[in-house]
Structure formats: C-alpha cells, structure tokens
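J.: Please find one structure pasted underneath; my questions will follow.
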Amino acid sequence: MDWLQIISNAAQEIISPTTAAYALAALGLAIHFGFTGLLNFGQAGFMMLGAYGYAIATLTFGWPVWAAILTGVVASIVFALILGIPTLRLRADYLAIVTIAAAEIVRLLFTTNTFESVTGSANGLQGYKGGFEALNPIPPGTYGFGPWVYNEYDWWVRIFGWGLVAIAAFITWRLFKSPWGRVIKGIREDEDAVRALGKNVYFYKMQSLVIGGVFGALAGMIFILPRAVVPSNYQTSLTFFIYAILLLGGAATVFGPIIGSVIFWVLLSFFSGFIARAVEVGWLPFLSNVQAGQLRFILVGVAIMLIVIYRPQGIFGNKKELAFVK
C-alpha cells in the first residue's frame with residue numbers, strides 16, 4: 001500500500017480547480033439556500049450555462065475571454081429570471097421542483113443532436129482554452145513543491161479559479177453585512193414580517209437568485225478550464241454534491257462552502273486511492289473495480305453523516321442558524 005502516493009493525491013485536491021469550482025458553486029448556493037431560504041436544486045444548470053456559454057462564445061463566435069465570460073454570466077441571469085418570475089411569489093418547494101427540472105432540460109438540450117454543430121452533443125466541446133492560455137503571465141516551466149508541482153498553465157488555472165473564489169467570498173461577506181443582507185436574512189426567517197415592513201420580498205428574492213446563479217456560472221467556467229465540456233458532468237448528482245459541501249461547511253456562512261469543498265474533495269480522493277490500492281493488494285477481494293469506485297462515495301457519505309451528527313450546524317455554522325437548516 002503506497003500511503004505516500006495516496007496522501008499526495010488527496011493533498012493535490014486542496015488547491016485543485018475542481019475544488020475551487022465546487023467552492024464557488026456552493027457559495028452561490030449559500031446565497032440561495034443558506035441566507036435567503038430559496039430551495040434551488042438546479043445549480044448544475046447554472047454551471048452548465050456558464051461552461052457552455054464560455055465555450056460556445058469562444059469556438060463558434062471567436063470572442064475574446066472577457067466577452068466569453070460575459071456570455072456565460074448573461075446566460076445565467078436569463079436562466080434565473082426564467083426560473084424566478086413564475087415561482088418566487090409561490091412557496092419555496094415550487095422553486096425546488098422547477099429548478100431541478102429546468103437543469104435537466106438544459107442538460108438534455110445540450111445533449112441532443114439537433115444542435116450538435118454548436119454544442120458537440122454528448123461528446124461536448126474542447127479547444128476553447130487558447131484565449132485564456134494567452135493571458136497567462138507565468139513563464140513556461142514547472143513550479144511548486146511537494147505534491148503541488150504543476151506547469152505554468154495548471155498554475156494559471158488555479159490562481160484564476162481561487163482568485164474568483166476569494167473575490168466572490170469578499171462580495172458575499174460585504175453583501176450580508178449590508179442592509180440588503182439583513183433584509184435577505186429576514187426573508188429567510190419570516191418573509192411575511194419583512195413584507196409588513198414595506199419591503200418588496202419578490203424583488204429581493206430575485207436579486208438573490210441572480211447573484212447565486214452568476215456564482216454558479218463562474219464556477220462552471222472554472223470547472224472546464226482543465227478539461228472538456230461534457231454534458232454528462234452536469235447531472236442532478238452534481239447539485240447534490242454541492243449541497244453536501246454546503247451543509248458540511250455551514251449553510252449560512254461565507255467560508256463554510258470553501259472549507260467544505262476542500263474537505264469533500266480531499267476525502268473523496270483519499271478514499272478513492274485507498275480503495276483502489278486495497279483492491280489491488282487483495283485486501284478487498286469481494287469487490288470489483290466498478291464496485292470499488294462506488295464505495296468511495298459511500299465512505300465519504302458516512303464521513304459527512306458523522307460530521308452532520310456531531311456538528312450539525314456545519315464547521316463554520318452556529319446554532320442560531322441551525323433551526324433554519326433543519
């Protein structure tokens with residue numbers, strides 16, 4: 001059993017672009033669910049629109065990086081408006097139903113062969129990284145220490161991704177220290193009381209949905225920078241993973257989603273490496289390679305369950321927020 005390699009692979013997830021993307025998506029979900037009380041089960045849809053918006057704008061229209069990013073952001077805003085206009089005046093569960101269905105509709109639209117020339121259908125898209133790579137200020141070469149040794153492009157992706165996470169965290173922190181944020185928290189606790197004070201609850205909910213959706217779209221862009229855009233990566237399970245990360249770190253917190261994403265991906269990588277090596281050396285002879293791959297999710301789920309049992313408010317949460325999360 002090569003423990004050093006297993007631990008090294010797990011440590012790489014601490015600063016990986018995937019971890020950054022999930023942290024940013026979970027931060028958007030924290031704005032929706034943790035702070036506002038909106039049950040959004042379609043964060044994967046926002047991520048997909050951001051990813052495809054960036055890729056299509058680059059490949060089909062040849063737009064520069066800033067315009068491609070803006071395309072993904074605008075697509076997420078339109079998506080939020082389409083979801084929010086008919087549902088935000090109703091109970092929260094209507095939004096949950098609409099978002100989970102809408103995310104699947106978006107995924108199937110990108111999968112269909114009708115738009116294959118633009119979306120790549122089930123094969124997805126690739127070859128859109130040239131513009132982003134051209135902005136890389138890091139000289140060619142390999143840099144780092146320990147398990148964190150990467151070439152200039154890999155470091156550029158990590159710096160850009162975690163930079164966006166830091167900016168989003170700061171914006172979120174400032175927003176919820178402002179009067180706007182206090183209104184949002186009031187809506188979560190008792191929207192009738194906020195409405196009685198003369199506040200337009202519908203308008204505040206829509207703002208929250210748009211801001212969290214934009215964070216999700218930016219997360220989708222980070223997610224595709226080291227890989228191709230493939231629609232199968234944006235299934236409903238993606239949103240469930242983000243919810244697990246959110247609850248792990250603390251639903252109504254700023255740093256909770258970030259730490260939760262790091263813990264989630266480190267645990268997942270560790271258990272994946274450990275189980276694969278255990279099958280190879282014969283410690284788990286009753287498992288096939290496919291079964292071993294699924295067992296890692298079970299072990300991560302058990303670890304999250306233990307944390308939820310003994311720290312139900314999340315790592316950065318507090319007991320005052322616990323009543324709402326329950």
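All residue names refer to the structure tokens as shown: chains lettered A, B, ... in order, residues numbered from 1 in each chain, ligands numbered from 1 in order.
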Find the spatial neighbours of Phe271 (chain A), counting only C-alpha atoms, within a cut-off of 10 Å - ignore same-chain residues fewer than 3 positions away - and output them as an MDAnalysis selection string.

T.: chainID A and resid 6:7 10 265:268 274:277 292:293 295:300

J.: Give me, as CSV, each residue of region 119-158 of chain A that comes within 9 Å of region 229-251 of chain A, together with its shortest interatomic pair and the distance in Å at one decimal, counting only C-alpha atoms, with rows ordered by chain and rising residue number.

T.:
```
residue,atom,partner,partner_atom,distance
A:Gly120,CA,A:Val230,CA,8.7
A:Ser121,CA,A:Pro231,CA,7.9
A:Ala122,CA,A:Pro231,CA,6.3
A:Asn123,CA,A:Val230,CA,6.3
A:Gly124,CA,A:Val230,CA,4.4
A:Leu125,CA,A:Val229,CA,5.1
A:Gln126,CA,A:Val229,CA,6.4
```

J.: Which residues of region 132-177 of chain A come within 12 Å of region 204-219 of chain A, and what is each one's closest atom pair and distance in Å (one decimal), counting only C-alpha atoms, sorted by chain and residue number, as a Markdown table?

T.:
```
| residue | atom | partner | partner_atom | distance |
| --- | --- | --- | --- | --- |
| A:Phe160 | CA | A:Leu218 | CA | 11.1 |
| A:Gly161 | CA | A:Ala219 | CA | 8.2 |
| A:Trp162 | CA | A:Ala219 | CA | 10.3 |
| A:Gly163 | CA | A:Leu218 | CA | 11.6 |
| A:Leu164 | CA | A:Leu218 | CA | 8.1 |
| A:Val165 | CA | A:Ala219 | CA | 8.6 |
| A:Ala166 | CA | A:Phe215 | CA | 11.8 |
| A:Ile167 | CA | A:Phe215 | CA | 10.5 |
| A:Ala168 | CA | A:Phe215 | CA | 7.4 |
| A:Ala169 | CA | A:Phe215 | CA | 10.1 |
| A:Ile171 | CA | A:Ile211 | CA | 10.2 |
| A:Thr172 | CA | A:Ile211 | CA | 9.4 |
| A:Leu175 | CA | A:Ser208 | CA | 10.5 |
| A:Phe176 | CA | A:Ser208 | CA | 11.1 |
```

J.: How about saving the chosen residues, N, CA and C atoms kept, as an mmCIF file, in the first residue's frame?

T.:
```cif
data_model
loop_
_atom_site.group_PDB
_atom_site.id
_atom_site.type_symbol
_atom_site.label_atom_id
_atom_site.label_comp_id
_atom_site.auth_asym_id
_atom_site.auth_seq_id
_atom_site.Cartn_x
_atom_site.Cartn_y
_atom_site.Cartn_z
ATOM 1 N N PHE A 160 -6.308 31.719 -11.146
ATOM 2 C CA PHE A 160 -7.527 32.368 -11.626
ATOM 3 C C PHE A 160 -8.748 31.845 -10.872
ATOM 4 N N GLY A 161 -8.845 30.524 -10.718
ATOM 5 C CA GLY A 161 -10.004 29.927 -10.063
ATOM 6 C C GLY A 161 -10.135 30.349 -8.619
ATOM 7 N N TRP A 162 -9.053 30.218 -7.860
ATOM 8 C CA TRP A 162 -9.116 30.584 -6.447
ATOM 9 C C TRP A 162 -9.199 32.085 -6.261
ATOM 10 N N GLY A 163 -8.684 32.843 -7.228
ATOM 11 C CA GLY A 163 -8.871 34.295 -7.180
ATOM 12 C C GLY A 163 -10.343 34.666 -7.283
ATOM 13 N N LEU A 164 -11.064 33.998 -8.190
ATOM 14 C CA LEU A 164 -12.506 34.233 -8.303
ATOM 15 C C LEU A 164 -13.236 33.840 -7.023
ATOM 16 N N VAL A 165 -12.816 32.723 -6.416
ATOM 17 C CA VAL A 165 -13.438 32.293 -5.156
ATOM 18 C C VAL A 165 -13.223 33.363 -4.081
ATOM 19 N N ALA A 166 -12.006 33.902 -3.988
ATOM 20 C CA ALA A 166 -11.719 34.930 -2.988
ATOM 21 C C ALA A 166 -12.556 36.185 -3.219
ATOM 22 N N ILE A 167 -12.673 36.602 -4.482
ATOM 23 C CA ILE A 167 -13.472 37.795 -4.805
ATOM 24 C C ILE A 167 -14.943 37.555 -4.468
ATOM 25 N N ALA A 168 -15.458 36.378 -4.834
ATOM 26 C CA ALA A 168 -16.858 36.054 -4.553
ATOM 27 C C ALA A 168 -17.117 35.996 -3.049
ATOM 28 N N ALA A 169 -16.171 35.442 -2.294
ATOM 29 C CA ALA A 169 -16.332 35.371 -0.839
ATOM 30 C C ALA A 169 -16.358 36.771 -0.232
ATOM 31 N N ILE A 171 -17.263 39.585 -1.781
ATOM 32 C CA ILE A 171 -18.526 40.219 -2.175
ATOM 33 C C ILE A 171 -19.670 39.717 -1.304
ATOM 34 N N THR A 172 -19.696 38.396 -1.070
ATOM 35 C CA THR A 172 -20.748 37.811 -0.243
ATOM 36 C C THR A 172 -20.679 38.346 1.179
ATOM 37 N N LEU A 175 -21.923 41.910 1.184
ATOM 38 C CA LEU A 175 -23.364 41.975 0.936
ATOM 39 C C LEU A 175 -24.155 41.677 2.201
ATOM 40 N N PHE A 176 -23.747 40.659 2.937
ATOM 41 C CA PHE A 176 -24.541 40.237 4.083
ATOM 42 C C PHE A 176 -24.178 40.973 5.364
#
```

J.: Tell me which of A:Gly42, A:Pro226, A:Pro179, A:Gly62 sits closest to Trp155 (chain A), counting only C-alpha atoms.

T.: A:Pro226

J.: Pick from A:Thr71, A:Asn151, A:Asn40, A:Thr112: nearest to Val98 (chain A), with only C-alpha atoms counted?

T.: A:Asn40

J.: Excluding Ile100 (chain A) and any residue of its chain fewer than 4 positions from it, enumerate the residues within 7 Å of it, using only C-alpha atoms, and give them as a PyMOL selection string.

T.: chain A and resi 41-42+96+104

J.: Those residues you just picked out, can you put them in a file as a PDB file, in the first residue's frame with N, CA and C atoms?

T.:
```
ATOM      1  N   PHE A  41     -32.498  23.507  -6.537  1.00  0.00           N
ATOM      2  CA  PHE A  41     -31.913  22.202  -6.833  1.00  0.00           C
ATOM      3  C   PHE A  41     -31.396  22.145  -8.270  1.00  0.00           C
ATOM      4  N   GLY A  42     -31.119  23.305  -8.836  1.00  0.00           N
ATOM      5  CA  GLY A  42     -30.655  23.339 -10.218  1.00  0.00           C
ATOM      6  C   GLY A  42     -29.342  24.079 -10.398  1.00  0.00           C
ATOM      7  N   ALA A  96     -38.024  24.590  -5.963  1.00  0.00           N
ATOM      8  CA  ALA A  96     -37.252  23.347  -5.962  1.00  0.00           C
ATOM      9  C   ALA A  96     -37.646  22.458  -7.137  1.00  0.00           C
ATOM     10  N   GLU A 104     -32.258  19.738 -15.755  1.00  0.00           N
ATOM     11  CA  GLU A 104     -32.251  18.547 -16.599  1.00  0.00           C
ATOM     12  C   GLU A 104     -32.630  18.886 -18.040  1.00  0.00           C
TER      13      GLU A 104
END
```

J.: Looking only at the backbone, which of the residues in region 15-230 of chain A does DSSP tag as strand (DSSP E or B), as a count of residues only?

T.: 10

J.: Residues near Ala30 (chain A), anyone? I mean within 8 Å using only C-alpha atoms, not counting same-chain ones fewer than 4 positions away, as a list in words.

T.: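 Once the adjacent positions are removed, what remains is Ala26, Gly34, Phe35, Gly212, Leu246, Ala251, Ala252, Thr253, Val254 and Pro257 of chain A.
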
J.: DSSP on the backbone, then: every residue of region 224-315 of chain A marked alpha helix (DSSP H), written as JSON, numbers by chain.

T.: {"A": [224, 236, 237, 238, 239, 240, 241, 242, 243, 244, 245, 246, 247, 248, 249, 256, 257, 258, 259, 260, 261, 262, 263, 264, 265, 266, 267, 268, 269, 270, 271, 272, 273, 274, 275, 276, 277, 278, 279, 280, 289, 290, 291, 292, 293, 294, 295, 296, 297, 298, 299, 300, 301, 302, 303, 304, 305, 306, 307, 308, 309, 310]}

J.: What separation in Å, quoted to one decimal, exists between CA of Ile258 (chain A) and CA of Met47 (chain A)?

T.: 16.7 Å
